[in-house]
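Colleague: Got a structure here, written out as C-alpha cells. Questions coming.
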Amino acid sequence: MLISRKWLSQYMDISGYTIEQLADKITAAGLEVEGIEVLASGTNLVIGEVLTCKPHPDSDHLSITEVDVKDEVLQIVCGAPNVRAGLKVIVAKVGAKLPELEIKKGSIRGVESNGMLCSLLELGVDAKSLTDEQKAGIEELDADAIVGESDVLAYLGLDDEVLDIGLTPNRNDCLAAFAMAKETGAILDTPVMLPSYEGAANGGDASKLVVKSETEKCPLYSGKIINQLTIKESPKWMQELLHSSGIKSINNVVDISNLVMLETGQPLHFFDLSKLEKQEIVVKDGLHETYTALDGNTYQLEPEDIVITINDKPVAIGGVMGGDDSKIDDDTTAILIETASFNHVSIRNTARRLNLNTDASIRYQKGIEPLAPYKAMDRAVQLLMEYADATGIEETKYSADIAYEDTAFDVNLQAINALLGLEISEQKAIDVLTRLDFNPTKRKGNIHVVIPSYRTDIKIEADIAEELVRLIGFDDLPSTLPLMPETEGKLNKRQQLRRLLRNTLCAQGLQEVVTYTLVSDELNNDAIMPQASNVAVASPMSEDRKIIRGSILPSMLSCIAYNKARSVKHVAFFEISEVYSNEDSEERLALAIQGDLQQNRHLHYEIKPDFYTMKGLVEALLEKLGYNASRVMIKENDVDTTHFHPYQSAAVYIGRDLLGIIGVIHPNMAKAYGVDTTVMAELKLEVILKNKTSKVKFEAISKYPHVVRDLAFVVDVKTPAGEIIKAIKTTGKNVIQDIEVFDDYRGEHVEEGKKSLAISITYQAKDHTLTDEEITNLYNGAKDIVNKKFDADLRG
Amino acid sequence: MEKLETLRQEGIAKIEACTSTKELQDVRVLYLGKKGPIQEVMKMMKDLSPEEKPKFGQQVNEIKQLLASKIEEKKVVLEEKEVNEKLVKEKIDITLSGLKPNLGNLHPLIMVQQELEDLFIGLGYEIAEGPEVELDLYNFERANIPKGHPARDMQDTFYIDADRLLRTHTTAVQMRVLEEKAPSLPIKVVCPGKVYRRDDDDATHSHQFTQLEGLVVGENIRLSDLKGTLELVAKKMFGDDKKIRFRPSYFQFTEPSVEVDVSCHICGGKGCPTCKGTGWIEILGAGMVHPNVLTMAGYDPNVCSGFAFGIGMERVALLKYGIDDIRHLYTNDVRFLKTFTRFE
C-alpha cells in the first residue's frame, strides 16, 4: 500500500510529524511501514530558460547553452537531444546534490560547464511513471514556468514523500486511502475529514440498462450510464496523487476510475458506451474462448473465469481486466460505470492462470468491504461531474438487492483486561474505540460497539482486545509467567533416543548435517530401503525439489561430493530425519564416512572408511542403547547390492526386524555421486524403538582368575569367522568369557582358497578357579568342534 | 700389611674409575666374588701366626665391607646417570601434533533447537511432534485459516493432493495436541520441527526451515504471561541483558497477535546495520490463541485462554552467529559446520 504525505494531508493535519515519525507511529500500531520513498530529490535546483544553444565544436551530440537562471546566466554543456533555445528547464547548479551525482564546475571537451540541465530520471523519479520522451531527454517545463524559481520539486509536484506499508491480510481495508486515513487519524489521535460524497450517485434519469448476474461468483453488479462527458487532462493534484501511488496519468476519466479505486479500495471499470453492442450486461462463467483484453494481449478464457458479456460476447474479464474493444479513448463521450463484487478465490485463480495481477485483481483477491461498490459509484459520479463535465446521468442499476447489516456486539472490559494482563480504564477504552469509529456506548457493564463496514476483521471481543492494546501500546504490559499447576517437562522415549544417538555419534567424530527433504527423482531413485511408493509435491518449484525423499543417504552423498569438490576429503556425517512413502513415514539415521574417521599421519594412525569401522560403530551404538551382540544379527546383504558393495556390506537385524544396511558404497554409486570410497549405513529408528532392550542390572564380577588359550587353524576361505565363534561358544557356555579372532591371514604359505585364523579364548568360571584338567578338556572340546564342523587344519 | 693397603687403594681406585653399572658389576665380581685379589690375599692367611690371623682376617673383612659399600654408593650414582642418559635419548618433539580425535558437533539448527527445548523442559513443557506431511485440516482449517482465506497466501504451500501438504508451520502440531488433550487442562508444549514453504532459496529465504512453536492453554493465561515467557527465550538465545518488545501483528490463529523484537545483541540497542539502526531485531511471532481455534479443538474460550508463539531456528542461528546466508545451513560444508562446537 502506497500513500503519500500529501495524500494524507488532504484529510488531516500531519504537519507536526516528520515522515519518519509518521512511519514509526503507523508501524507501532501494526501496519508496518516497509519503506519511505521520496518522489524526487535534489538540492541547488532552479528553473532556467535556455537563451542560446549551439553545437559543441568538438562533439557531434553535445550542445553549449547559455541559461538564464534570473540572477545570472550560466554556460552549461548539455547532451540531451531535445535541448533548444527558448526551452524552460530544470537547472542543477554547481554544488547541487542529485540522487546519484554531485554537480561540480568543470569543462567538457574543453568547454566550461557550470551546472547541468536535468531530466526527471536524474532527480530520482521512478522510470515507470515517465514517458519515453521524458526518459530520453531533459524535462521540458511549461512555457509559463517562472525563471529563477528555486523550489523546483514543489513546482513539479514531486515534493512528496510516500509511505510503503506492508498490510497484514486482516487489514486489507487499508488498501483504500480513505480507510488508511481513518486508521492514521486513530493512531495519531487526530480528527480526519474525508470528502463527503455519499449519495452522489443516487437518483438520475430513468435507464434502459439491464444488468444481470448468472453466477454466484458475482453477488452484486452495479452499472450506471453517463451519457455525456469530456475527455481532457486531469487536474494537477489528481495527476500528482496518482503519481505518488505509482499510477500514470492518462486522462481525466481514466484517472478518476483509478483515483476512486485508490480511495475506496473498490476497482471500477469504465466502458465506452458507444462501443457496447447493447445496454444489457450479463455476468457469467462457463465460457471457453479467446479474448483480447485492453492491454492488447489475447487470453484464453476458461469456464472458471467470471466474464462480463453482452450478447454472449465477453466485454471484460470480471475483476481482472476490461476489453480492448470497449476501452476509453480520446473520442469517448459516454460511459458505462461498473462497480461489482466478485468472489476473491475465483479472481485469484483467474489472475494466477492468466498471470494478470492488475490493480483490480489484486484488490479483489484481498477482499473488499461490502459497501465499497456503492461508495465507489458515489465518488466516481461526484468526480466525473466535477472534472469531466458529466451530464445525462442515469440511475444506477443493480443485479441484486443486498442488505447490509452493521456488525455490532458487546465486549466486557474486565475480560479483555484479564486476557491482556493490563488494566485499561473504561475511559481510555471508550476513547480508543471512538477514535476507531467503533461508536462505543456503555451498556449494562459492557461496552457496545458498532463496527464500520470496512473493518471486516472485527468480529469478537478478542479483536477489540487487540485494537485496544495496539493503539494504547505495549509499554505498560508487565512480564509475568503463567500461574498454573506444576507440570513435568520431559523428553519422550524417541526424543531421548535421538539425543543419545547424536551425543554418541558426535563423540565418535561424526558431524551432524541437515539436508533438504525435497529431492529430485534422480536422487530418490537411489533411495536405500525404499518403500512402496514415492510422495511427490503437486506442483514442484523445480525438478530438484520434487519428491519427499524416501531415504537420507543419497542427499548425504551429495553433501560429501560437495565437500570433496572443495578438497575436504575426510568427512564423517550423520543425519536423523523422517523419510516418506505414500503408505507411511518413518524416522531414520544415516551415517557416511569418506576418508579417515580418525587420523594422525606422523603417528601412522588412521581409522579407515571400511566395513569394519561402520560395523563397529553401529554395534557400539546398539550396545549403548541396550542391544547386546546376541540380539543383533549381521547377515549377508541380500537387500541392496546396487548401492552397496555386494561383498562388503551387511543387513543388520534386531531380532527379526531389518534395522538397516551397512557397508561400503558400490563403486558405480561412488562414481555416479563423485565420492571416494565411502562406508555408509541407513538405519530405521522405529526398529530400535519397538524392540525390547536388555535391562541395566548388576552382575557379580568373578573373583577367580581367567586363562587365555589360543587356537590357530586353516579353513576354507568362505567359512565365516562368526560361525566358528558361535560353535566354539557352545563348548563352554558358562565359562567362555570372550572369543576373539586376532588374525585372519590369506596368501603366501596358505593354500589357495583357504585362510588361516587365529583365535584366543578366555576361560573363567564364576564360582571357582578352573583346574588345568578342566581347561585342557575345554580347549580340546573347542579344537574338536572346529576340526569336525569346519574341516579345519589345526596348527600348534 | 702393605699388601692390604695396596689392595684397598687399588680397589677404591677401580671403583671410582667405573663409568657404567656394567663396569661396576665387573669390579664387584672381581673384588667380592670367589676369585679375585681379596681371595688371593685371604690365601696368605694360612702362613700367619695364630695371633696375627684374627687381626688379618678382620682387616680383610673391613676392606671387603668398605669396597662393598663404595660399590653401592657408586652404583646409585651410576644408575642415576644412566637413567638420565636414557631419558635424554627418549626426548620427543612435543610440538608435533597430538592424536587429536575428530569430534563431531550438532548441526547449528539442532543445537539451537535443543537449547530451546531444554529451556522449556525446565519450565515444565513437554516436547510434542507431528508429521511433516500434514493434513490441510490441521495445518490450515483448525488454525482458523479456511480454504480461500487470503491468509493462506502468507504461506505458499507445497500441496501433495487436495488434503495433504507439507506443513507450513508447526502450528499443525499444536492443533493436534489441542485435539488430543481437549478438554483437559493445562497444556504446556513446544513443537519443534521442519516446515516448508514455496520460497525460492536465496540468502534470506529457504523452502525448508525449522520452527519451534510453543502453546500454553489454561485458566487465566494472559498476554503478559507470553511476554514473561518470551523474555526467558530472548535471554537464553541472545544473553541475559536482553529485553523484548511487542508490536501488533496478525496471525489467523491468534488474537491479539504480536511480533516480538529483541534488543539488538550486536550494538546493545544503540542502532547498527544488523538492527537497521532501530536497536531492535524481530525474532518471532506470537499471540493469544484465537477463540475459534480453542472452540474447534473442543475447548470453551470462556473457561480457558492460551498463548502461542513460533520461533525460526534459522533466524536465531543467523542472528546469533552472524551467518550471512541461510543456505549455508543446508549446504553442509564441513568447514562451516565445524564452527559450531558449542552453544554460547
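To be explicit about the labels: the chains of the C-alpha cells are called A, B, and onward in the order shown, and within each one the residues are counted from 1, while ligands get numbers from 1 in the order they are shown.
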For Asp261 (chain B), please output as a PyMOL selection string all residues within 12 Å (counting only C-alpha atoms; exclusion window: fewer than 2 positions along the same chain).

Modeller: (chain A and resi 28) or (chain B and resi 227+230-231+233-234+238+242-249+258-259+263-265+269+275+278-286+311+316)

Colleague: If we count only C-alpha atoms, what is near Phe140 (chain B) at a cut-off of 12 Å, once residues fewer than 3 positions away on the same chain are taken out, given as a PyMOL selection string?

Modeller: chain B and resi 134-137+143-157+163-176+251-253+293

Colleague: Write out as a PyMOL selection string the residues lying within 10 Å of Leu99 (chain B), counting only C-alpha atoms and excluding same-chain residues fewer than 3 positions away.

Modeller: (chain A and resi 598-603+605-606) or (chain B and resi 96+102)

Colleague: Using only C-alpha atoms, which residues sit within 8 Å of His643 (chain A) once same-chain residues fewer than 6 positions away are excluded, as a PyMOL selection string?

Modeller: chain A and resi 526+528+665-666+668-669

Colleague: Find the residues near Tyr11 (chain A): any atom within 12 Å, counting only C-alpha atoms, skip ones fewer than 3 places away on the same chain, and give them as a VMD selection string.

Modeller: chain A and resid 4 to 8 14 to 15 177 to 185 190 to 196 263

Colleague: Would you kindly return, as a PyMOL selection string, each protein, DNA or RNA residue with an atom no farther than 9 Å from any atom of Leu505 (chain A), considering only C-alpha atoms and excluding same-chain residues fewer than 6 positions away?

Modeller: (chain A and resi 511-512+574+617+621) or (chain B and resi 103-105)

Colleague: May I ask for the distance between CA of Asn114 (chain A) and CA of Lys93 (chain A), given in Å to one decimal place?

Modeller: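 Here the two named atoms are 6.8 Å from each other.
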
Colleague: From a DSSP calculation on the backbone, collect every residue of region 153-302 of chain B in strand (DSSP E or B) and output the set as a PDB file with N, CA, C and O atoms, in the first residue's frame.

Modeller:
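So out33.pdb came out as:
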```pdb
ATOM      1  N   TYR B 159       1.492 -28.400  -1.803  1.00  0.00           N
ATOM      2  CA  TYR B 159       0.432 -29.388  -1.674  1.00  0.00           C
ATOM      3  C   TYR B 159       0.878 -30.711  -2.292  1.00  0.00           C
ATOM      4  O   TYR B 159       1.657 -30.737  -3.249  1.00  0.00           O
ATOM      5  N   ARG B 164      -3.597 -33.265   1.478  1.00  0.00           N
ATOM      6  CA  ARG B 164      -2.295 -33.391   2.138  1.00  0.00           C
ATOM      7  C   ARG B 164      -1.325 -32.326   1.632  1.00  0.00           C
ATOM      8  O   ARG B 164      -1.352 -31.942   0.472  1.00  0.00           O
ATOM      9  N   LEU B 165      -0.429 -31.930   2.531  1.00  0.00           N
ATOM     10  CA  LEU B 165       0.548 -30.907   2.180  1.00  0.00           C
ATOM     11  C   LEU B 165       1.773 -31.090   3.058  1.00  0.00           C
ATOM     12  O   LEU B 165       1.750 -31.830   4.041  1.00  0.00           O
ATOM     13  N   LEU B 166       2.855 -30.420   2.671  1.00  0.00           N
ATOM     14  CA  LEU B 166       3.998 -30.337   3.571  1.00  0.00           C
ATOM     15  C   LEU B 166       3.678 -29.203   4.535  1.00  0.00           C
ATOM     16  O   LEU B 166       3.393 -28.086   4.096  1.00  0.00           O
ATOM     17  N   ILE B 187      -2.343 -27.226  29.135  1.00  0.00           N
ATOM     18  CA  ILE B 187      -1.461 -27.690  28.064  1.00  0.00           C
ATOM     19  C   ILE B 187      -0.208 -26.832  28.109  1.00  0.00           C
ATOM     20  O   ILE B 187      -0.289 -25.607  28.182  1.00  0.00           O
ATOM     21  N   LYS B 188       0.938 -27.477  28.104  1.00  0.00           N
ATOM     22  CA  LYS B 188       2.217 -26.754  28.009  1.00  0.00           C
ATOM     23  C   LYS B 188       3.120 -27.565  27.105  1.00  0.00           C
ATOM     24  O   LYS B 188       3.685 -28.572  27.528  1.00  0.00           O
ATOM     25  N   VAL B 189       3.208 -27.169  25.878  1.00  0.00           N
ATOM     26  CA  VAL B 189       4.064 -27.922  24.943  1.00  0.00           C
ATOM     27  C   VAL B 189       4.881 -26.959  24.087  1.00  0.00           C
ATOM     28  O   VAL B 189       4.499 -25.817  23.861  1.00  0.00           O
ATOM     29  N   VAL B 190       6.012 -27.474  23.622  1.00  0.00           N
ATOM     30  CA  VAL B 190       6.686 -26.830  22.496  1.00  0.00           C
ATOM     31  C   VAL B 190       6.774 -27.846  21.375  1.00  0.00           C
ATOM     32  O   VAL B 190       6.922 -29.049  21.616  1.00  0.00           O
ATOM     33  N   CYS B 191       6.647 -27.365  20.144  1.00  0.00           N
ATOM     34  CA  CYS B 191       6.596 -28.232  18.985  1.00  0.00           C
ATOM     35  C   CYS B 191       7.707 -27.837  18.003  1.00  0.00           C
ATOM     36  O   CYS B 191       7.555 -26.853  17.288  1.00  0.00           O
ATOM     37  N   PRO B 192       8.810 -28.558  18.026  1.00  0.00           N
ATOM     38  CA  PRO B 192       9.883 -28.245  17.082  1.00  0.00           C
ATOM     39  C   PRO B 192       9.729 -29.069  15.806  1.00  0.00           C
ATOM     40  O   PRO B 192       9.121 -30.145  15.841  1.00  0.00           O
ATOM     41  N   GLY B 193      10.269 -28.588  14.728  1.00  0.00           N
ATOM     42  CA  GLY B 193      10.276 -29.426  13.529  1.00  0.00           C
ATOM     43  C   GLY B 193      10.493 -28.659  12.247  1.00  0.00           C
ATOM     44  O   GLY B 193      10.471 -27.432  12.216  1.00  0.00           O
ATOM     45  N   LYS B 194      10.686 -29.473  11.189  1.00  0.00           N
ATOM     46  CA  LYS B 194      10.901 -28.891   9.866  1.00  0.00           C
ATOM     47  C   LYS B 194       9.571 -28.430   9.285  1.00  0.00           C
ATOM     48  O   LYS B 194       8.558 -29.109   9.463  1.00  0.00           O
ATOM     49  N   VAL B 195       9.600 -27.320   8.592  1.00  0.00           N
ATOM     50  CA  VAL B 195       8.418 -26.828   7.894  1.00  0.00           C
ATOM     51  C   VAL B 195       8.834 -26.359   6.500  1.00  0.00           C
ATOM     52  O   VAL B 195      10.028 -26.181   6.239  1.00  0.00           O
ATOM     53  N   TYR B 196       7.841 -26.195   5.629  1.00  0.00           N
ATOM     54  CA  TYR B 196       8.149 -25.980   4.217  1.00  0.00           C
ATOM     55  C   TYR B 196       7.246 -24.918   3.612  1.00  0.00           C
ATOM     56  O   TYR B 196       6.043 -24.894   3.872  1.00  0.00           O
ATOM     57  N   GLN B 208      12.780 -24.803   2.951  1.00  0.00           N
ATOM     58  CA  GLN B 208      12.681 -25.657   4.138  1.00  0.00           C
ATOM     59  C   GLN B 208      13.286 -24.900   5.306  1.00  0.00           C
ATOM     60  O   GLN B 208      14.359 -24.319   5.171  1.00  0.00           O
ATOM     61  N   PHE B 209      12.610 -24.891   6.417  1.00  0.00           N
ATOM     62  CA  PHE B 209      13.215 -24.296   7.596  1.00  0.00           C
ATOM     63  C   PHE B 209      12.685 -24.970   8.857  1.00  0.00           C
ATOM     64  O   PHE B 209      11.910 -25.924   8.778  1.00  0.00           O
ATOM     65  N   THR B 210      13.169 -24.529  10.001  1.00  0.00           N
ATOM     66  CA  THR B 210      12.900 -25.235  11.256  1.00  0.00           C
ATOM     67  C   THR B 210      12.234 -24.283  12.233  1.00  0.00           C
ATOM     68  O   THR B 210      12.715 -23.185  12.434  1.00  0.00           O
ATOM     69  N   GLN B 211      11.122 -24.740  12.777  1.00  0.00           N
ATOM     70  CA  GLN B 211      10.403 -23.902  13.729  1.00  0.00           C
ATOM     71  C   GLN B 211      10.352 -24.559  15.091  1.00  0.00           C
ATOM     72  O   GLN B 211      10.473 -25.780  15.204  1.00  0.00           O
ATOM     73  N   LEU B 212      10.158 -23.732  16.085  1.00  0.00           N
ATOM     74  CA  LEU B 212       9.769 -24.269  17.378  1.00  0.00           C
ATOM     75  C   LEU B 212       8.613 -23.394  17.845  1.00  0.00           C
ATOM     76  O   LEU B 212       8.766 -22.187  17.992  1.00  0.00           O
ATOM     77  N   GLU B 213       7.467 -24.025  17.956  1.00  0.00           N
ATOM     78  CA  GLU B 213       6.305 -23.266  18.406  1.00  0.00           C
ATOM     79  C   GLU B 213       5.937 -23.713  19.805  1.00  0.00           C
ATOM     80  O   GLU B 213       6.119 -24.878  20.159  1.00  0.00           O
ATOM     81  N   GLY B 214       5.416 -22.787  20.562  1.00  0.00           N
ATOM     82  CA  GLY B 214       5.002 -23.112  21.924  1.00  0.00           C
ATOM     83  C   GLY B 214       3.520 -22.849  22.101  1.00  0.00           C
ATOM     84  O   GLY B 214       2.949 -21.995  21.417  1.00  0.00           O
ATOM     85  N   LEU B 215       2.908 -23.600  22.979  1.00  0.00           N
ATOM     86  CA  LEU B 215       1.478 -23.431  23.237  1.00  0.00           C
ATOM     87  C   LEU B 215       1.206 -23.671  24.724  1.00  0.00           C
ATOM     88  O   LEU B 215       1.620 -24.694  25.269  1.00  0.00           O
ATOM     89  N   VAL B 216       0.567 -22.708  25.331  1.00  0.00           N
ATOM     90  CA  VAL B 216       0.136 -22.872  26.722  1.00  0.00           C
ATOM     91  C   VAL B 216      -1.353 -22.559  26.764  1.00  0.00           C
ATOM     92  O   VAL B 216      -1.781 -21.520  26.270  1.00  0.00           O
ATOM     93  N   VAL B 217      -2.130 -23.472  27.295  1.00  0.00           N
ATOM     94  CA  VAL B 217      -3.562 -23.212  27.476  1.00  0.00           C
ATOM     95  C   VAL B 217      -3.916 -23.563  28.914  1.00  0.00           C
ATOM     96  O   VAL B 217      -3.515 -24.619  29.420  1.00  0.00           O
ATOM     97  N   GLY B 218      -4.599 -22.660  29.554  1.00  0.00           N
ATOM     98  CA  GLY B 218      -5.007 -22.904  30.935  1.00  0.00           C
ATOM     99  C   GLY B 218      -6.039 -21.869  31.337  1.00  0.00           C
ATOM    100  O   GLY B 218      -6.522 -21.111  30.503  1.00  0.00           O
ATOM    101  N   ILE B 244      12.815  -7.513  25.472  1.00  0.00           N
ATOM    102  CA  ILE B 244      11.964  -7.712  24.309  1.00  0.00           C
ATOM    103  C   ILE B 244      10.892  -6.634  24.262  1.00  0.00           C
ATOM    104  O   ILE B 244      10.609  -5.980  25.257  1.00  0.00           O
ATOM    105  N   ARG B 245      10.339  -6.456  23.066  1.00  0.00           N
ATOM    106  CA  ARG B 245       9.175  -5.582  22.959  1.00  0.00           C
ATOM    107  C   ARG B 245       8.178  -6.225  22.003  1.00  0.00           C
ATOM    108  O   ARG B 245       8.562  -7.006  21.118  1.00  0.00           O
ATOM    109  N   PHE B 246       6.930  -5.897  22.200  1.00  0.00           N
ATOM    110  CA  PHE B 246       5.860  -6.403  21.337  1.00  0.00           C
ATOM    111  C   PHE B 246       5.458  -5.321  20.343  1.00  0.00           C
ATOM    112  O   PHE B 246       5.444  -4.131  20.670  1.00  0.00           O
ATOM    113  N   ARG B 247       5.141  -5.761  19.139  1.00  0.00           N
ATOM    114  CA  ARG B 247       4.499  -4.885  18.158  1.00  0.00           C
ATOM    115  C   ARG B 247       3.271  -5.622  17.657  1.00  0.00           C
ATOM    116  O   ARG B 247       3.300  -6.835  17.483  1.00  0.00           O
ATOM    117  N   PRO B 248       2.184  -4.902  17.405  1.00  0.00           N
ATOM    118  CA  PRO B 248       0.984  -5.594  16.928  1.00  0.00           C
ATOM    119  C   PRO B 248       1.225  -6.246  15.571  1.00  0.00           C
ATOM    120  O   PRO B 248       1.982  -5.727  14.750  1.00  0.00           O
ATOM    121  N   SER B 249       0.613  -7.390  15.362  1.00  0.00           N
ATOM    122  CA  SER B 249       0.773  -8.067  14.082  1.00  0.00           C
ATOM    123  C   SER B 249      -0.475  -8.871  13.793  1.00  0.00           C
ATOM    124  O   SER B 249      -1.514  -8.674  14.419  1.00  0.00           O
ATOM    125  N   TYR B 250      -0.362  -9.789  12.891  1.00  0.00           N
ATOM    126  CA  TYR B 250      -1.536 -10.570  12.517  1.00  0.00           C
ATOM    127  C   TYR B 250      -1.160 -12.019  12.235  1.00  0.00           C
ATOM    128  O   TYR B 250      -0.272 -12.303  11.442  1.00  0.00           O
ATOM    129  N   PHE B 251      -1.798 -12.912  12.935  1.00  0.00           N
ATOM    130  CA  PHE B 251      -1.784 -14.328  12.579  1.00  0.00           C
ATOM    131  C   PHE B 251      -3.219 -14.793  12.735  1.00  0.00           C
ATOM    132  O   PHE B 251      -3.916 -14.353  13.655  1.00  0.00           O
ATOM    133  N   THR B 254      -4.137 -16.458  16.182  1.00  0.00           N
ATOM    134  CA  THR B 254      -4.012 -15.754  17.460  1.00  0.00           C
ATOM    135  C   THR B 254      -4.702 -14.405  17.363  1.00  0.00           C
ATOM    136  O   THR B 254      -4.793 -13.815  16.306  1.00  0.00           O
ATOM    137  N   GLU B 255      -5.169 -13.944  18.505  1.00  0.00           N
ATOM    138  CA  GLU B 255      -5.833 -12.634  18.583  1.00  0.00           C
ATOM    139  C   GLU B 255      -5.849 -12.212  20.043  1.00  0.00           C
ATOM    140  O   GLU B 255      -6.466 -12.894  20.841  1.00  0.00           O
ATOM    141  N   PRO B 256      -5.166 -11.164  20.442  1.00  0.00           N
ATOM    142  CA  PRO B 256      -4.275 -10.336  19.632  1.00  0.00           C
ATOM    143  C   PRO B 256      -3.015 -11.089  19.206  1.00  0.00           C
ATOM    144  O   PRO B 256      -2.614 -12.057  19.844  1.00  0.00           O
ATOM    145  N   SER B 257      -2.416 -10.587  18.130  1.00  0.00           N
ATOM    146  CA  SER B 257      -1.168 -11.145  17.619  1.00  0.00           C
ATOM    147  C   SER B 257      -0.066 -10.107  17.754  1.00  0.00           C
ATOM    148  O   SER B 257      -0.329  -8.916  17.641  1.00  0.00           O
ATOM    149  N   VAL B 258       1.121 -10.581  17.979  1.00  0.00           N
ATOM    150  CA  VAL B 258       2.248  -9.654  18.112  1.00  0.00           C
ATOM    151  C   VAL B 258       3.479 -10.170  17.379  1.00  0.00           C
ATOM    152  O   VAL B 258       3.663 -11.372  17.214  1.00  0.00           O
ATOM    153  N   GLU B 259       4.288  -9.230  16.921  1.00  0.00           N
ATOM    154  CA  GLU B 259       5.650  -9.542  16.509  1.00  0.00           C
ATOM    155  C   GLU B 259       6.511  -9.219  17.711  1.00  0.00           C
ATOM    156  O   GLU B 259       6.236  -8.250  18.427  1.00  0.00           O
ATOM    157  N   VAL B 260       7.543 -10.012  17.905  1.00  0.00           N
ATOM    158  CA  VAL B 260       8.374  -9.786  19.068  1.00  0.00           C
ATOM    159  C   VAL B 260       9.780  -9.408  18.616  1.00  0.00           C
ATOM    160  O   VAL B 260      10.391 -10.093  17.800  1.00  0.00           O
ATOM    161  N   ASP B 261      10.254  -8.301  19.135  1.00  0.00           N
ATOM    162  CA  ASP B 261      11.607  -7.829  18.839  1.00  0.00           C
ATOM    163  C   ASP B 261      12.469  -8.056  20.072  1.00  0.00           C
ATOM    164  O   ASP B 261      11.983  -7.931  21.196  1.00  0.00           O
ATOM    165  N   VAL B 262      13.738  -8.335  19.838  1.00  0.00           N
ATOM    166  CA  VAL B 262      14.678  -8.439  20.957  1.00  0.00           C
ATOM    167  C   VAL B 262      15.688  -7.306  20.790  1.00  0.00           C
ATOM    168  O   VAL B 262      16.006  -6.920  19.657  1.00  0.00           O
ATOM    169  N   SER B 263      16.160  -6.774  21.922  1.00  0.00           N
ATOM    170  CA  SER B 263      17.136  -5.684  21.814  1.00  0.00           C
ATOM    171  C   SER B 263      18.378  -6.228  21.122  1.00  0.00           C
ATOM    172  O   SER B 263      18.797  -7.354  21.350  1.00  0.00           O
ATOM    173  N   TRP B 280      16.481  -2.782  17.642  1.00  0.00           N
ATOM    174  CA  TRP B 280      15.636  -3.950  17.881  1.00  0.00           C
ATOM    175  C   TRP B 280      15.682  -4.890  16.680  1.00  0.00           C
ATOM    176  O   TRP B 280      15.790  -4.444  15.539  1.00  0.00           O
ATOM    177  N   ILE B 281      15.574  -6.169  16.945  1.00  0.00           N
ATOM    178  CA  ILE B 281      15.555  -7.158  15.865  1.00  0.00           C
ATOM    179  C   ILE B 281      14.329  -8.042  16.042  1.00  0.00           C
ATOM    180  O   ILE B 281      14.078  -8.578  17.132  1.00  0.00           O
ATOM    181  N   GLU B 282      13.600  -8.206  14.964  1.00  0.00           N
ATOM    182  CA  GLU B 282      12.407  -9.047  15.018  1.00  0.00           C
ATOM    183  C   GLU B 282      12.842 -10.507  15.088  1.00  0.00           C
ATOM    184  O   GLU B 282      13.625 -10.964  14.266  1.00  0.00           O
ATOM    185  N   ILE B 283      12.338 -11.237  16.095  1.00  0.00           N
ATOM    186  CA  ILE B 283      12.743 -12.641  16.171  1.00  0.00           C
ATOM    187  C   ILE B 283      11.600 -13.635  16.088  1.00  0.00           C
ATOM    188  O   ILE B 283      11.812 -14.779  15.713  1.00  0.00           O
ATOM    189  N   LEU B 284      10.404 -13.230  16.423  1.00  0.00           N
ATOM    190  CA  LEU B 284       9.352 -14.238  16.382  1.00  0.00           C
ATOM    191  C   LEU B 284       7.967 -13.606  16.380  1.00  0.00           C
ATOM    192  O   LEU B 284       7.818 -12.412  16.605  1.00  0.00           O
ATOM    193  N   GLY B 285       6.993 -14.458  16.089  1.00  0.00           N
ATOM    194  CA  GLY B 285       5.595 -14.040  16.100  1.00  0.00           C
ATOM    195  C   GLY B 285       4.865 -14.804  17.199  1.00  0.00           C
ATOM    196  O   GLY B 285       5.225 -15.935  17.532  1.00  0.00           O
ATOM    197  N   ALA B 286       3.842 -14.174  17.764  1.00  0.00           N
ATOM    198  CA  ALA B 286       3.155 -14.803  18.888  1.00  0.00           C
ATOM    199  C   ALA B 286       1.774 -14.185  19.061  1.00  0.00           C
ATOM    200  O   ALA B 286       1.392 -13.291  18.310  1.00  0.00           O
ATOM    201  N   GLY B 287       1.061 -14.649  20.043  1.00  0.00           N
ATOM    202  CA  GLY B 287      -0.234 -14.050  20.330  1.00  0.00           C
ATOM    203  C   GLY B 287      -1.052 -14.918  21.265  1.00  0.00           C
ATOM    204  O   GLY B 287      -0.598 -15.962  21.736  1.00  0.00           O
ATOM    205  N   MET B 288      -2.252 -14.429  21.537  1.00  0.00           N
ATOM    206  CA  MET B 288      -3.190 -15.179  22.373  1.00  0.00           C
ATOM    207  C   MET B 288      -4.012 -16.081  21.449  1.00  0.00           C
ATOM    208  O   MET B 288      -4.527 -15.609  20.425  1.00  0.00           O
ATOM    209  N   VAL B 289      -4.121 -17.348  21.818  1.00  0.00           N
ATOM    210  CA  VAL B 289      -4.809 -18.315  20.965  1.00  0.00           C
ATOM    211  C   VAL B 289      -6.215 -17.796  20.620  1.00  0.00           C
ATOM    212  O   VAL B 289      -6.970 -17.379  21.507  1.00  0.00           O
TER     213      VAL B 289
END
```

Colleague: Do you know which residues are at most 7 Å from region 423-438 of chain A counting only C-alpha atoms, after dropping those on the same chain fewer than 5 positions away, and could you put them as JSON, numbers by chain?

Modeller: {"A": [186, 189, 417, 449, 450, 451, 452, 468]}

Colleague: Please, could you write that set of residues out with N, CA, C and O atoms as a compact mmCIF listing (two decimals), in the first residue's frame?

Modeller:
```txt
# COMPACT_ATOMS: atom_id res chain seq x y z
N ALA A 186 -6.78 7.64 13.74
CA ALA A 186 -6.97 6.91 15.01
C ALA A 186 -5.62 6.74 15.71
O ALA A 186 -5.52 6.88 16.92
N ASP A 189 -4.47 10.10 16.91
CA ASP A 189 -5.50 10.76 17.71
C ASP A 189 -5.76 12.17 17.16
O ASP A 189 -5.72 13.16 17.87
N ASN A 417 -9.17 -7.07 29.93
CA ASN A 417 -8.01 -6.82 30.79
C ASN A 417 -7.43 -8.13 31.34
O ASN A 417 -6.21 -8.27 31.48
N VAL A 449 -20.30 -2.00 20.82
CA VAL A 449 -19.61 -1.39 19.68
C VAL A 449 -20.35 -1.67 18.39
O VAL A 449 -20.96 -2.73 18.23
N VAL A 450 -20.30 -0.71 17.46
CA VAL A 450 -20.86 -0.88 16.12
C VAL A 450 -19.70 -0.64 15.15
O VAL A 450 -19.11 0.44 15.11
N ILE A 451 -19.38 -1.67 14.40
CA ILE A 451 -18.14 -1.66 13.63
C ILE A 451 -18.39 -1.07 12.24
O ILE A 451 -19.35 -1.46 11.57
N PRO A 452 -17.53 -0.16 11.78
CA PRO A 452 -17.71 0.36 10.42
C PRO A 452 -17.55 -0.75 9.37
O PRO A 452 -16.85 -1.74 9.61
N LEU A 468 -7.49 -2.36 21.15
CA LEU A 468 -7.15 -1.52 22.30
C LEU A 468 -5.65 -1.55 22.57
O LEU A 468 -5.02 -0.51 22.68
```
